[in-house]
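Peer 1: Provided herewith is a single structure, encoded as C-alpha cells, for subsequent inquiry.
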Amino acid sequence: MMGECWIISVPGGNSTQQKWQELQAPTVGAGLSKNFKFTIPDLKVGTLDALIGLSDDLGKIDGYAEGVCHKVASYMGEVLEQQKDRVEANLKVNDVSYLRYVREFQWNKARYPTKQSLRAISESISKMLSQVDTELRSRSTSYNNLKTNLQNIERKTTGSLLMRNLAQIVKKDDVILDSEYLETLLVAVPLGLTDDWETNYETLSDYVVPKSARLIDKDEEYGLWGVTLFKKVVEEFKYKCSRHKFFVRDFKYNDDNMNSDQNQYDKLSNDKRKALGPLLRWLKNNFSEAFMGWMHIKALRIFVESVLRYGLPVNFQAAIIEPQKKSKNRLRDVLNNLYKDLDSSGLTANIEDDTMTGLAIGLQEYYPYVFFKLSLDFSV
C-alpha cells in the first residue's frame with residue numbers, strides 16, 4: 001500500500017479542467033505520480049477572521065484524526081495476533097479499501113451538510129473522533145486484561161517447576177494429609193544439584209523422615225521432590241533448603257482447588273473468544289468512521305487554506321497525488337517549477353540546497369501551492 005499521498009490545490013483560473021491538464025502532463029505523463037481529482041463542494045466561507053482561527057484548529061484536529069486512525073489500525077494488529085497479515089484487508093472505509101476511498105473521495109452531504117458552518121462541521125468530526133478514541137481505550141483495556149489473565153495462567157501451566165502451578169502435577173497420594181505431626185513439603189531442585197539433594201536432605205534439619213524423598217516430576221531445569229518431616233521443623237528446613245539453592249514451593253493440597261486454574265483458564269479462553277468477534281467488528285467500523293472524518297478534515301483544510309491563499313470568489317483545483325517510488329524529489333521539483341509564479345512571497349525562491357524541497361515555517365513546509373501530506377502507512 002501507499003506510504004503517503006499529497007493533497008494540493010492551485011488557483012482554478014479561467015478553467016479548472018485546464019489546470020488539471022497542466023498538472024497531468026509533467027507528472028503522470030513523466031511517470032512521477034498518479035493523480036486524482038479531490039472534489040470539494042461549495043462550503044460556507046464565513047469571515048476572514050473565522051477562517052484564520054479555524055485554520056489553526058483544523059491543523060490540530062488533522063493531527064488528532066491521524067493519530068486515532070493509526071491507533072485503531074495498530075490495535076487491530078494486536079488483536080489479530082498471529083494473523084497480522086489480515087490487518088490490511090480489514091481496514092475498509094465504506095466497504096472499499098482506504099486507498100480507493102481517498103482516490104474516489106466524495107463529500108458526505110448527508111452527514112456533513114454544506115449549509116453548516118465550517119466550524120460546526122469540524123467540531124462534529126472532532127467530537128466523533130474523541131468518542132472513538134475514548135471507547136478504544138475502554139475496549140482495549142478490557143480485552144487486554146482478559147489476555148493478561150489468560151497469559152498468567154498459561155505461564156503457570158507451561159513454565160518451569162520453579163514457577164508452575166502444581167495443582168495439575170501433584171496427586172493426593174504424593175502428600176500426607178490431615179496429620180497432626182507430619183507434613184509433606186514440595187521442593188524444586190535444580191537438576192545439577194540432584195546428587196547434593198539426595199545426599200543431604202535428611203540432614204538439613206532434625207526430624208526429617210528418612211528415605212521419604214520421592215521424585216514427583218521433572219522438566220529441563222528442575223526436579224520436583226516431595227519430602228516428609230515433622231511440622232515443628234518446617235521453617236528450619238525451608239531456611240536450610242534456601243542455603244543449598246533448593247526451592248520449597250508454597251503449596252497446599254486441596255481437592256476443591258485442584259481444577260480451579262483449569263476451570264478459570266477455560267472460562268477466560270471462552271470469554272476471549274466471545275469478545276474477539278465484537279471487538280474486531282467495532283475496530284473495522286470505527287476505523288471506517290475515523291478515516292472518513294479524517295478525509296473530511298483534509299478537505300476542510302484544503303478549502304480554508306485555498307481561500308486564504310487565493311482569495312475570493314472560491315476558485316481552485318484540488319488533487320490527490322500519489323508519488324511513485326523514488327520519485328518524490330523529482331516530483332517536488334516539477335511541482336515547484338510548474339507553480340513558481342504563484343509564489344508572490346518569494347519564500348521558495350533561490351533555495352541553494354536543492355535537496356530542500358520546501359521551506360519550513362514553524363512546523364509546516366511552505367510551497368507556492370497549498371499542500372498537505374496524507375500518511376497512509378498502517379503497517380503493524
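We name chains A, B, ... following the order of the C-alpha cells; residues begin at 1 in each chain, and ligands are numbered from 1 as shown.
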Could you pull out the residues in range 145-341 of chain A that DSSP calls helix (DSSP H, G or I) from the backbone, as an MDAnalysis selection string?

Peer 2: chainID A and resid 145:158 166:168 172:174 191:203 231:243 255:257 260:310 328:338 340:341

Peer 1: Keeping only C-alpha atoms, take the residues you just selected and write them out as an mmCIF file, in the first residue's frame.

Peer 2:
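Result went into result.cif, see below:
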```
data_model
loop_
_atom_site.group_PDB
_atom_site.id
_atom_site.type_symbol
_atom_site.label_atom_id
_atom_site.label_comp_id
_atom_site.auth_asym_id
_atom_site.auth_seq_id
_atom_site.Cartn_x
_atom_site.Cartn_y
_atom_site.Cartn_z
ATOM 1 C CA ASN A 145 -6.991 -7.587 30.911
ATOM 2 C CA LEU A 146 -8.528 -10.802 29.569
ATOM 3 C CA LYS A 147 -5.356 -11.571 27.604
ATOM 4 C CA THR A 148 -3.093 -10.787 30.576
ATOM 5 C CA ASN A 149 -5.054 -13.009 32.968
ATOM 6 C CA LEU A 150 -5.026 -15.802 30.407
ATOM 7 C CA GLN A 151 -1.282 -15.426 29.841
ATOM 8 C CA ASN A 152 -0.652 -15.513 33.588
ATOM 9 C CA ILE A 153 -2.441 -18.849 33.854
ATOM 10 C CA GLU A 154 -0.622 -20.155 30.773
ATOM 11 C CA ARG A 155 2.705 -19.260 32.358
ATOM 12 C CA LYS A 156 1.696 -21.218 35.431
ATOM 13 C CA THR A 157 0.974 -24.298 33.343
ATOM 14 C CA THR A 158 3.871 -24.046 30.894
ATOM 15 C CA LEU A 166 1.457 -27.638 40.860
ATOM 16 C CA ALA A 167 -2.259 -28.399 41.042
ATOM 17 C CA GLN A 168 -2.138 -30.370 37.781
ATOM 18 C CA LYS A 172 -3.360 -36.849 46.575
ATOM 19 C CA ASP A 173 -1.042 -39.829 47.168
ATOM 20 C CA ASP A 174 2.027 -37.551 46.847
ATOM 21 C CA LEU A 191 18.866 -30.951 38.069
ATOM 22 C CA GLY A 192 22.550 -30.204 38.542
ATOM 23 C CA LEU A 193 22.086 -30.421 42.324
ATOM 24 C CA THR A 194 20.156 -33.684 42.379
ATOM 25 C CA ASP A 195 23.017 -35.690 43.934
ATOM 26 C CA ASP A 196 23.537 -32.990 46.573
ATOM 27 C CA TRP A 197 19.826 -33.133 47.421
ATOM 28 C CA GLU A 198 19.627 -36.885 47.692
ATOM 29 C CA THR A 199 22.766 -36.979 49.835
ATOM 30 C CA ASN A 200 21.873 -34.153 52.228
ATOM 31 C CA TYR A 201 18.106 -33.646 52.509
ATOM 32 C CA GLU A 202 17.809 -35.921 55.578
ATOM 33 C CA THR A 203 20.398 -33.854 57.459
ATOM 34 C CA LYS A 231 5.732 -29.819 61.294
ATOM 35 C CA LYS A 232 7.782 -28.283 64.089
ATOM 36 C CA VAL A 233 10.918 -28.153 61.872
ATOM 37 C CA VAL A 234 9.279 -26.917 58.654
ATOM 38 C CA GLU A 235 10.622 -23.345 58.894
ATOM 39 C CA GLU A 236 14.142 -24.503 59.722
ATOM 40 C CA PHE A 237 14.077 -26.954 56.819
ATOM 41 C CA LYS A 238 12.916 -24.237 54.415
ATOM 42 C CA TYR A 239 15.757 -21.988 55.540
ATOM 43 C CA LYS A 240 18.351 -24.731 55.083
ATOM 44 C CA CYS A 241 16.954 -25.521 51.642
ATOM 45 C CA SER A 242 17.389 -21.905 50.557
ATOM 46 C CA ARG A 243 21.043 -22.055 51.675
ATOM 47 C CA ASP A 255 -9.374 -31.296 46.456
ATOM 48 C CA ASP A 256 -11.682 -28.364 45.796
ATOM 49 C CA ASN A 257 -8.922 -26.219 44.250
ATOM 50 C CA SER A 260 -9.723 -24.241 39.779
ATOM 51 C CA ASP A 261 -6.975 -22.917 37.488
ATOM 52 C CA GLN A 262 -8.059 -25.138 34.633
ATOM 53 C CA ASN A 263 -11.656 -24.027 35.093
ATOM 54 C CA GLN A 264 -10.543 -20.404 35.203
ATOM 55 C CA TYR A 265 -8.404 -20.918 32.109
ATOM 56 C CA ASP A 266 -11.310 -22.484 30.225
ATOM 57 C CA LYS A 267 -13.591 -19.618 31.269
ATOM 58 C CA LEU A 268 -11.112 -16.910 30.247
ATOM 59 C CA SER A 269 -10.414 -18.642 26.924
ATOM 60 C CA ASN A 270 -14.119 -18.759 26.236
ATOM 61 C CA ASP A 271 -14.550 -15.109 27.276
ATOM 62 C CA LYS A 272 -11.706 -14.094 24.956
ATOM 63 C CA ARG A 273 -13.221 -15.962 22.019
ATOM 64 C CA LYS A 274 -16.593 -14.333 22.672
ATOM 65 C CA ALA A 275 -15.047 -10.860 22.919
ATOM 66 C CA LEU A 276 -12.883 -11.160 19.794
ATOM 67 C CA GLY A 277 -15.639 -11.047 17.172
ATOM 68 C CA PRO A 278 -17.475 -7.971 18.504
ATOM 69 C CA LEU A 279 -14.156 -6.202 19.132
ATOM 70 C CA LEU A 280 -12.959 -6.786 15.564
ATOM 71 C CA ARG A 281 -16.291 -5.543 14.191
ATOM 72 C CA TRP A 282 -16.017 -2.424 16.340
ATOM 73 C CA LEU A 283 -12.451 -1.786 15.163
ATOM 74 C CA LYS A 284 -13.414 -2.204 11.498
ATOM 75 C CA ASN A 285 -16.471 0.043 11.796
ATOM 76 C CA ASN A 286 -14.698 2.740 13.735
ATOM 77 C CA PHE A 287 -11.608 2.751 11.549
ATOM 78 C CA SER A 288 -14.020 3.488 8.716
ATOM 79 C CA GLU A 289 -15.716 6.265 10.715
ATOM 80 C CA ALA A 290 -12.451 7.831 11.859
ATOM 81 C CA PHE A 291 -10.865 7.670 8.411
ATOM 82 C CA MET A 292 -13.904 9.259 6.762
ATOM 83 C CA GLY A 293 -13.791 12.025 9.356
ATOM 84 C CA TRP A 294 -10.064 12.490 8.742
ATOM 85 C CA MET A 295 -10.556 12.868 4.994
ATOM 86 C CA HIS A 296 -13.295 15.448 5.544
ATOM 87 C CA ILE A 297 -10.922 17.376 7.807
ATOM 88 C CA LYS A 298 -8.334 17.273 4.997
ATOM 89 C CA ALA A 299 -10.979 18.605 2.625
ATOM 90 C CA LEU A 300 -11.824 21.420 5.074
ATOM 91 C CA ARG A 301 -8.124 22.305 5.382
ATOM 92 C CA ILE A 302 -7.681 22.427 1.609
ATOM 93 C CA PHE A 303 -10.792 24.608 1.295
ATOM 94 C CA VAL A 304 -9.822 27.020 4.065
ATOM 95 C CA GLU A 305 -6.173 27.355 3.036
ATOM 96 C CA SER A 306 -7.130 27.798 -0.627
ATOM 97 C CA VAL A 307 -9.499 30.642 0.235
ATOM 98 C CA LEU A 308 -6.896 32.259 2.486
ATOM 99 C CA ARG A 309 -4.151 31.836 -0.124
ATOM 100 C CA TYR A 310 -6.038 32.558 -3.355
ATOM 101 C CA LYS A 328 9.348 12.295 -4.602
ATOM 102 C CA ASN A 329 12.237 14.721 -5.047
ATOM 103 C CA ARG A 330 11.816 14.925 -8.822
ATOM 104 C CA LEU A 331 8.063 15.299 -8.415
ATOM 105 C CA ARG A 332 8.541 18.109 -5.913
ATOM 106 C CA ASP A 333 10.887 19.922 -8.283
ATOM 107 C CA VAL A 334 8.360 19.602 -11.104
ATOM 108 C CA LEU A 335 5.529 20.969 -8.951
ATOM 109 C CA ASN A 336 7.649 23.848 -7.649
ATOM 110 C CA ASN A 337 8.642 24.771 -11.186
ATOM 111 C CA LEU A 338 5.098 24.367 -12.532
ATOM 112 C CA LYS A 340 6.543 29.028 -9.201
ATOM 113 C CA ASP A 341 4.531 32.009 -10.489
#
```

Peer 1: Please identify all polymer residues within 12 Å of Thr47 in chain A, counting only C-alpha atoms, omitting same-chain residues fewer than 6 positions from it, and present them as a PyMOL selection string.

Peer 2: chain A and resi 53-54+117-119+304+307-308+311-312

Peer 1: Looking at only C-alpha atoms, which of A:Ser126, A:Thr228, A:Ser379, A:Ser205 is the one that sits closest to Val87 in chain A?

Peer 2: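 Among the listed residues, the smallest separation from Val87 in chain A belongs to A:Ser379.
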
Peer 1: One decimal, Å: what's the distance from CA of Glu220 in chain A over to CA of Leu204 in chain A, could you say?

Peer 2: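 CA of Glu220 in chain A sits 25.4 Å away from CA of Leu204 in chain A.
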
Peer 1: Running DSSP on the backbone, which parts of range 33-217 of chain A land in strand (DSSP E), as a PyMOL selection string?

Peer 2: chain A and resi 33-37+92-93+96-97+182-190+214-217

Peer 1: Residues as selected, C-alpha atoms, written as a CSV table (one decimal), in the first residue's frame, can you do that?

Peer 2:
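Output file again_10.csv is given in full below:
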```csv
chain,number,residue,atom,x,y,z
A,33,SER,CA,2.8,10.1,-9.9
A,34,LYS,CA,-0.8,9.0,-10.1
A,35,ASN,CA,-3.2,11.9,-9.8
A,36,PHE,CA,-6.9,12.0,-8.8
A,37,LYS,CA,-9.3,15.0,-8.6
A,92,LYS,CA,-12.0,-0.8,4.9
A,93,VAL,CA,-13.7,2.6,4.5
A,96,VAL,CA,-13.7,-0.3,0.0
A,97,SER,CA,-10.0,-0.1,0.7
A,182,LEU,CA,3.8,-34.7,59.8
A,183,GLU,CA,3.8,-32.5,56.7
A,184,THR,CA,4.9,-33.1,53.1
A,185,LEU,CA,6.9,-30.3,51.5
A,186,LEU,CA,7.4,-29.9,47.8
A,187,VAL,CA,10.9,-28.9,46.7
A,188,ALA,CA,12.1,-27.7,43.3
A,189,VAL,CA,15.7,-29.0,43.0
A,190,PRO,CA,18.0,-27.9,40.1
A,214,ARG,CA,10.4,-39.0,46.2
A,215,LEU,CA,10.7,-37.5,42.7
A,216,ILE,CA,7.2,-36.5,41.6
A,217,ASP,CA,8.0,-34.8,38.3
```

Peer 1: Please provide the set of residues having any atom within 8 Å of Ile7 in chain A, restricted to only C-alpha atoms, with same-chain residues fewer than 4 positions apart removed, written as a ChimeraX atom specification.

Peer 2: /A:38,302,318-321,371-374

Peer 1: Compare A:Ile176, A:Asn144, A:Ile40, A:Gly77 by their minimum atom-to-atom distance to Lys109 in chain A, counting only C-alpha atoms, and give me the closest one.

Peer 2: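 Of the candidates, the smallest distance to Lys109 in chain A is held by A:Ile40.
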